[in-house]
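**Q** Dropping the structure in here first, questions after.
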There are 2 protein chains.
Amino acid sequence: MAKAKRSSGREEGLSPERIVTAAIELLDDAGETGLTFRALAARLATGSGALYWHIGGKDELLVAATDAIVERALGDVRATTTPRSAIRTIALGVFDAVDAHPWVGAQLWRIPWETATRQIFERIGRHVQALGVRPSAQFTSASTLVNYIIGVSVQNAAQGRVLDPPMDRTRYLEAEAARWKELDVAEYPFTRKIASQLTKHDDRAEFLAGIELIIAGIASTL
Amino acid sequence: MAKAKRSSGREEGLSPERIVTAAIELLDDAGETGLTFRALAARLATGSGALYWHIGGKDELLVAATDAIVERALGDVRATTTPRSAIRTIALGVFDAVDAHPWVGAQLWRIPWETATRQIFERIGRHVQALGVRPSAQFTSASTLVNYIIGVSVQNAAQGRVLDPPMDRTRYLEAEAARWKELDVAEYPFTRKIASQLTKHDDRAEFLAGIELIIAGIASTL
DNA sequence: GAGCTGACTGGAACGCTGTTCCAGTCAGGA
DNA sequence: TCCTGACTGGAACAGCGTTCCAGTCAGCTC
């Protein structure tokens, strides 16, 4: 802390910003397990010890990286017309950001109510308010939406993450549907019956449908 | 694999069951980071190497432990009257199980659509069907519910987990509400305004309210 | 009973991790 | 010119999951 950077120090010196940027690149390239202080130091052409001068540790680094991604995602969301479509836009912004950076998902729930989550809550809350929800129900409505948004985004990202060689999505769904159809009839009657719907399954659309479902639920109590 | 236990072997020999049971105890006692093969071996009065004869590795162990908890939780859910209340009961069963064993949350999304998740999906799906949802919408309805249930349960558990000395819940909420009220007016108008609602906040009731919201949404499309 | 076999054990060792430590470096103020 | 202190980077440390392997011993075969 308290570093007040030497204004004209060694050119290309380390800084929290440079470290976080490199960490995001490394996480995107090599996944969660790819972020090690040695790899990060190598990418920045320095030693692992030097990093600790600028950041507190791995946890702090992950929080900073997550905040950066979420802030970027929410920043892209511009003012829209109705509260309903604004909520949709924010939700999709988070969903897409987590989808593009699966490691963000792990952080979003690991340290809940940090800056990133709070920003999402704030943005959603404003539009819940605009929706005309009575004050006493605003907290419930907003937190239900936020929980759903983060919960589903994280699970969606986790799902894609298992495919180490990112095979074709439709091919994967077909294989999974086939597995579902092989399940024991007595134990999994519903899953078996529904298996065929999995192939024409679109996570993003499904996610949005869930949002609509919740908004419909909120609207029905107005 | 293929072990066909010596029926009258050394009394008190190791077994996958004993190891999983000990792992669950260790996870409950010491948290996710508390489960190490050395600690587990010490608890079982053996060496860490011996464990690998019975289980494939840490991932496999965590999956087995998670399955055990979820199966136990769903097993406690008995046949109820209406589909609506059955969904509520299953949801609460999962919520409470994850709340009691926070480490389960980490697993539920880390390896999605493994046995544990599939069991929850199956159980929920059956009652969605009974609700009268038309077949083409059953997948969406069921997966929205499952995503919400797991998502919120995990986030709730993660929230409780940060309190290392598990301080009083209401005291914690008061402290958090105070922090919310300190936030920047320009950046967090909604969060600030809603802060007072946080103190009389009941995660479990909130969770259930979200379920109702989603069911209401499903019902409105019948 | 002797000898063998192989399921099973448990401790040492390997490569990796996050973190700490500290002898060095060097720009800018005295 | 010297000194100070912000900053570097590599070595070292403790602890992790996993592998390795020399041992043990119940139960079978002869």
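Letters A, B, ... mark the chains of the structure tokens in the order given; residue numbers begin at 1 per chain; ligand numbers begin at 1, in order shown.
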Using only C-alpha atoms (C1' of nucleotides), find each residue in chain C having at least one atom no more than 10 Å away from chain A; report its shortest atom-to-atom pair and that distance in Å (one decimal), rows by chain then rising number, as a tab-separated table.
**A**
```
residue	atom	partner	partner_atom	distance
C:DT17	C1'	A:Thr36	CA	7.8
C:DG18	C1'	A:Lys58	CA	7.6
C:DT19	C1'	A:Gly57	CA	8.1
C:DT20	C1'	A:Gly49	CA	8.4
C:DC21	C1'	A:Gly49	CA	9.2
C:DC26	C1'	A:Arg10	CA	9.0
C:DA27	C1'	A:Gly9	CA	6.7
C:DG28	C1'	A:Arg6	CA	9.3
```
**Q** Write the residues you've just listed into a file as a tab-separated table (two decimals), in the first residue's frame, and include N, CA and C atoms (P, O5', C5', C4', C3', O3' and C1' of nucleotides) for each of them.
**A**
```tsv
chain	number	residue	atom	x	y	z
C	17	DT	P	3.00	-24.87	-10.17
C	17	DT	O5'	2.40	-24.46	-8.76
C	17	DT	C5'	1.06	-24.83	-8.41
C	17	DT	C4'	0.83	-24.56	-6.95
C	17	DT	C3'	1.08	-23.13	-6.52
C	17	DT	O3'	-0.06	-22.35	-6.75
C	17	DT	C1'	1.97	-24.71	-4.91
C	18	DG	P	0.10	-20.74	-6.77
C	18	DG	O5'	0.16	-20.37	-5.23
C	18	DG	C5'	-1.00	-20.56	-4.41
C	18	DG	C4'	-0.70	-20.12	-2.99
C	18	DG	C3'	-0.41	-18.64	-2.84
C	18	DG	O3'	-0.94	-18.19	-1.59
C	18	DG	C1'	1.50	-19.89	-2.20
C	19	DT	P	-0.87	-16.65	-1.19
C	19	DT	O5'	0.49	-16.58	-0.38
C	19	DT	C5'	0.64	-17.40	0.78
C	19	DT	C4'	2.05	-17.28	1.32
C	19	DT	C3'	2.54	-15.83	1.50
C	19	DT	O3'	2.70	-15.60	2.90
C	19	DT	C1'	4.22	-17.25	0.59
C	20	DT	P	3.25	-14.19	3.43
C	20	DT	O5'	4.79	-14.54	3.68
C	20	DT	C5'	5.12	-15.71	4.40
C	20	DT	C4'	6.63	-15.79	4.59
C	20	DT	C3'	7.29	-14.47	5.00
C	20	DT	O3'	8.25	-14.77	6.01
C	20	DT	C1'	8.31	-15.29	3.03
C	21	DC	P	8.97	-13.57	6.82
C	21	DC	O5'	10.47	-13.66	6.30
C	21	DC	C5'	10.96	-14.92	5.85
C	21	DC	C4'	12.32	-14.76	5.19
C	21	DC	C3'	13.05	-13.46	5.52
C	21	DC	O3'	14.39	-13.79	5.85
C	21	DC	C1'	12.85	-13.70	3.17
C	26	DC	P	20.98	-1.50	-11.65
C	26	DC	O5'	20.19	-0.13	-11.47
C	26	DC	C5'	18.77	-0.16	-11.28
C	26	DC	C4'	18.32	1.12	-10.62
C	26	DC	C3'	19.14	2.38	-11.00
C	26	DC	O3'	18.25	3.44	-11.18
C	26	DC	C1'	19.00	2.20	-8.69
C	27	DA	P	18.35	4.37	-12.47
C	27	DA	O5'	17.21	5.45	-12.21
C	27	DA	C5'	15.89	5.01	-11.97
C	27	DA	C4'	15.16	5.95	-11.02
C	27	DA	C3'	15.35	7.44	-11.30
C	27	DA	O3'	14.11	8.09	-11.04
C	27	DA	C1'	16.21	6.93	-9.15
C	28	DG	P	13.90	9.63	-11.28
C	28	DG	O5'	14.13	10.22	-9.82
C	28	DG	C5'	13.19	9.92	-8.80
C	28	DG	C4'	13.66	10.53	-7.49
C	28	DG	C3'	13.94	12.05	-7.56
C	28	DG	O3'	13.40	12.61	-6.38
C	28	DG	C1'	15.81	10.94	-6.71
```
**Q** For the interface of chain B with chain A (cut-off 7 Å, counting only C-alpha atoms), please tabulate each contacting residue of chain B alongside its nearest pair of atoms and their separation in Å to one decimal, rows sorted by chain and increasing number, as CSV.
**A**
```
residue,atom,partner,partner_atom,distance
B:Trp109,CA,A:Gln155,CA,5.5
B:Arg110,CA,A:Ala158,CA,6.0
B:Pro112,CA,A:Gln159,CA,6.0
B:Glu122,CA,A:Thr191,CA,5.6
B:Gly125,CA,A:Phe190,CA,6.0
B:Arg126,CA,A:Phe190,CA,5.7
B:Phe139,CA,A:Ile194,CA,6.6
B:Thr140,CA,A:Glu206,CA,6.2
B:Thr144,CA,A:Gly210,CA,5.5
B:Asn147,CA,A:Val152,CA,5.5
B:Tyr148,CA,A:Tyr148,CA,5.3
B:Gly151,CA,A:Gly151,CA,3.7
B:Val152,CA,A:Asn147,CA,5.5
B:Gln155,CA,A:Trp109,CA,5.5
B:Ala158,CA,A:Arg110,CA,6.0
B:Gln159,CA,A:Pro112,CA,6.0
B:Tyr188,CA,A:Glu122,CA,6.1
B:Phe190,CA,A:Arg126,CA,5.7
B:Thr191,CA,A:Glu122,CA,5.6
B:Ile194,CA,A:Phe139,CA,6.6
B:Gln197,CA,A:Phe139,CA,6.9
B:Glu206,CA,A:Thr140,CA,6.2
B:Gly210,CA,A:Thr144,CA,5.5
B:Leu213,CA,A:Gly217,CA,4.6
B:Ile214,CA,A:Ile214,CA,5.2
B:Ala216,CA,A:Gly217,CA,5.1
B:Gly217,CA,A:Gly217,CA,4.5
B:Ile218,CA,A:Leu213,CA,6.4
```
**Q** Using only C-alpha atoms (C1' of nucleotides), which residues of chain D come within 8 Å of chain B, and what is the closest atom pair for each, with the distance in Å to one decimal? Give it as a Markdown table, sorted by chain and residue number.
**A**
```
| residue | atom | partner | partner_atom | distance |
| --- | --- | --- | --- | --- |
| D:DC16 | C1' | B:Thr36 | CA | 7.7 |
| D:DG17 | C1' | B:Lys58 | CA | 7.6 |
| D:DA26 | C1' | B:Gly9 | CA | 6.6 |
```
**Q** Which polymer residues have any atom within 10 Å of an atom of DC14 in chain C, counting only C-alpha atoms (C1' of nucleotides), with same-chain residues fewer than 3 positions away left out, as number ranges by chain?
**A** D: 18-20
**Q** What does the file look like for those residues with N, CA and C atoms (P, O5', C5', C4', C3', O3' and C1' of nucleotides), as a PDB file, in the first residue's frame?
**A**
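Result file follows (again_13.pdb):
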```
ATOM      1  P    DT D  18      -4.973 -36.034  -6.154  1.00  0.00           P
ATOM      2  O5'  DT D  18      -3.603 -36.832  -6.424  1.00  0.00           O
ATOM      3  C5'  DT D  18      -2.672 -36.297  -7.342  1.00  0.00           C
ATOM      4  C4'  DT D  18      -1.400 -37.110  -7.342  1.00  0.00           C
ATOM      5  C3'  DT D  18      -1.605 -38.636  -7.464  1.00  0.00           C
ATOM      6  O3'  DT D  18      -1.082 -39.048  -8.725  1.00  0.00           O
ATOM      7  C1'  DT D  18       0.079 -38.074  -5.882  1.00  0.00           C
ATOM      8  P    DT D  19      -1.093 -40.593  -9.136  1.00  0.00           P
ATOM      9  O5'  DT D  19       0.392 -41.038  -8.753  1.00  0.00           O
ATOM     10  C5'  DT D  19       1.482 -40.234  -9.175  1.00  0.00           C
ATOM     11  C4'  DT D  19       2.796 -40.915  -8.813  1.00  0.00           C
ATOM     12  C3'  DT D  19       2.834 -42.416  -9.080  1.00  0.00           C
ATOM     13  O3'  DT D  19       4.103 -42.704  -9.664  1.00  0.00           O
ATOM     14  C1'  DT D  19       3.347 -41.992  -6.809  1.00  0.00           C
ATOM     15  P    DC D  20       4.426 -44.188 -10.258  1.00  0.00           P
ATOM     16  O5'  DC D  20       5.483 -44.747  -9.187  1.00  0.00           O
ATOM     17  C5'  DC D  20       6.305 -43.817  -8.509  1.00  0.00           C
ATOM     18  C4'  DC D  20       7.091 -44.521  -7.408  1.00  0.00           C
ATOM     19  C3'  DC D  20       7.199 -46.036  -7.559  1.00  0.00           C
ATOM     20  O3'  DC D  20       8.549 -46.395  -7.332  1.00  0.00           O
ATOM     21  C1'  DC D  20       6.310 -45.485  -5.423  1.00  0.00           C
TER      22       DC D  20
END
```
**Q** One number please: CA of Glu60 in chain B to CA of Glu17 in chain B, in Å, one decimal.
**A**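 Answer for the CA of Glu60 in chain B to CA of Glu17 in chain B separation: 12.7 Å.
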**Q** Here is a test: counting only C-alpha atoms (C1' of nucleotides), which residue of D:DC2, D:DG9, D:DG23, D:DC28 is nearest to DT25 in chain C?
**A**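 Residue with the minimum atom-to-atom distance to DT25 in chain C: D:DG9.
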**Q** In Å, how far is it from CA of Ile19 in chain B to CA of Asp76 in chain B?
**A**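 These two atoms are separated by 23.2 Å.
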**Q** Do a neighbour search on Pro83 in chain A at 7 Å with only C-alpha atoms (C1' of nucleotides), toss out local chain neighbours closer than 2 positions, and write the hits as a list in words.
**A**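 Residues near the query, excluding close chain neighbours: Thr81, Ser85, Ala86, Ile87, His127, Ala130 and Leu131 of chain A.
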**Q** Keeping only N, CA and C atoms, write the selected residues to a file as a compact mmCIF listing (two decimals), in the first residue's frame.
**A**
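After the write, selection.txt holds the following:
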```
# COMPACT_ATOMS: atom_id res chain seq x y z
N THR A 81 -34.68 1.24 -22.52
CA THR A 81 -36.02 1.80 -22.38
C THR A 81 -36.76 1.37 -21.10
N SER A 85 -36.51 -4.63 -19.83
CA SER A 85 -35.44 -4.91 -20.79
C SER A 85 -34.08 -4.54 -20.19
N ALA A 86 -34.08 -3.60 -19.27
CA ALA A 86 -32.82 -3.26 -18.60
C ALA A 86 -32.33 -4.43 -17.76
N ILE A 87 -33.25 -5.06 -17.04
CA ILE A 87 -32.90 -6.23 -16.23
C ILE A 87 -32.37 -7.34 -17.12
N HIS A 127 -33.63 -1.12 -11.13
CA HIS A 127 -34.67 -1.39 -12.12
C HIS A 127 -35.85 -2.13 -11.50
N ALA A 130 -37.86 0.62 -10.30
CA ALA A 130 -38.54 1.26 -11.42
C ALA A 130 -39.72 0.43 -11.92
N LEU A 131 -39.64 -0.86 -11.61
CA LEU A 131 -40.71 -1.76 -12.05
C LEU A 131 -42.00 -1.50 -11.29
```
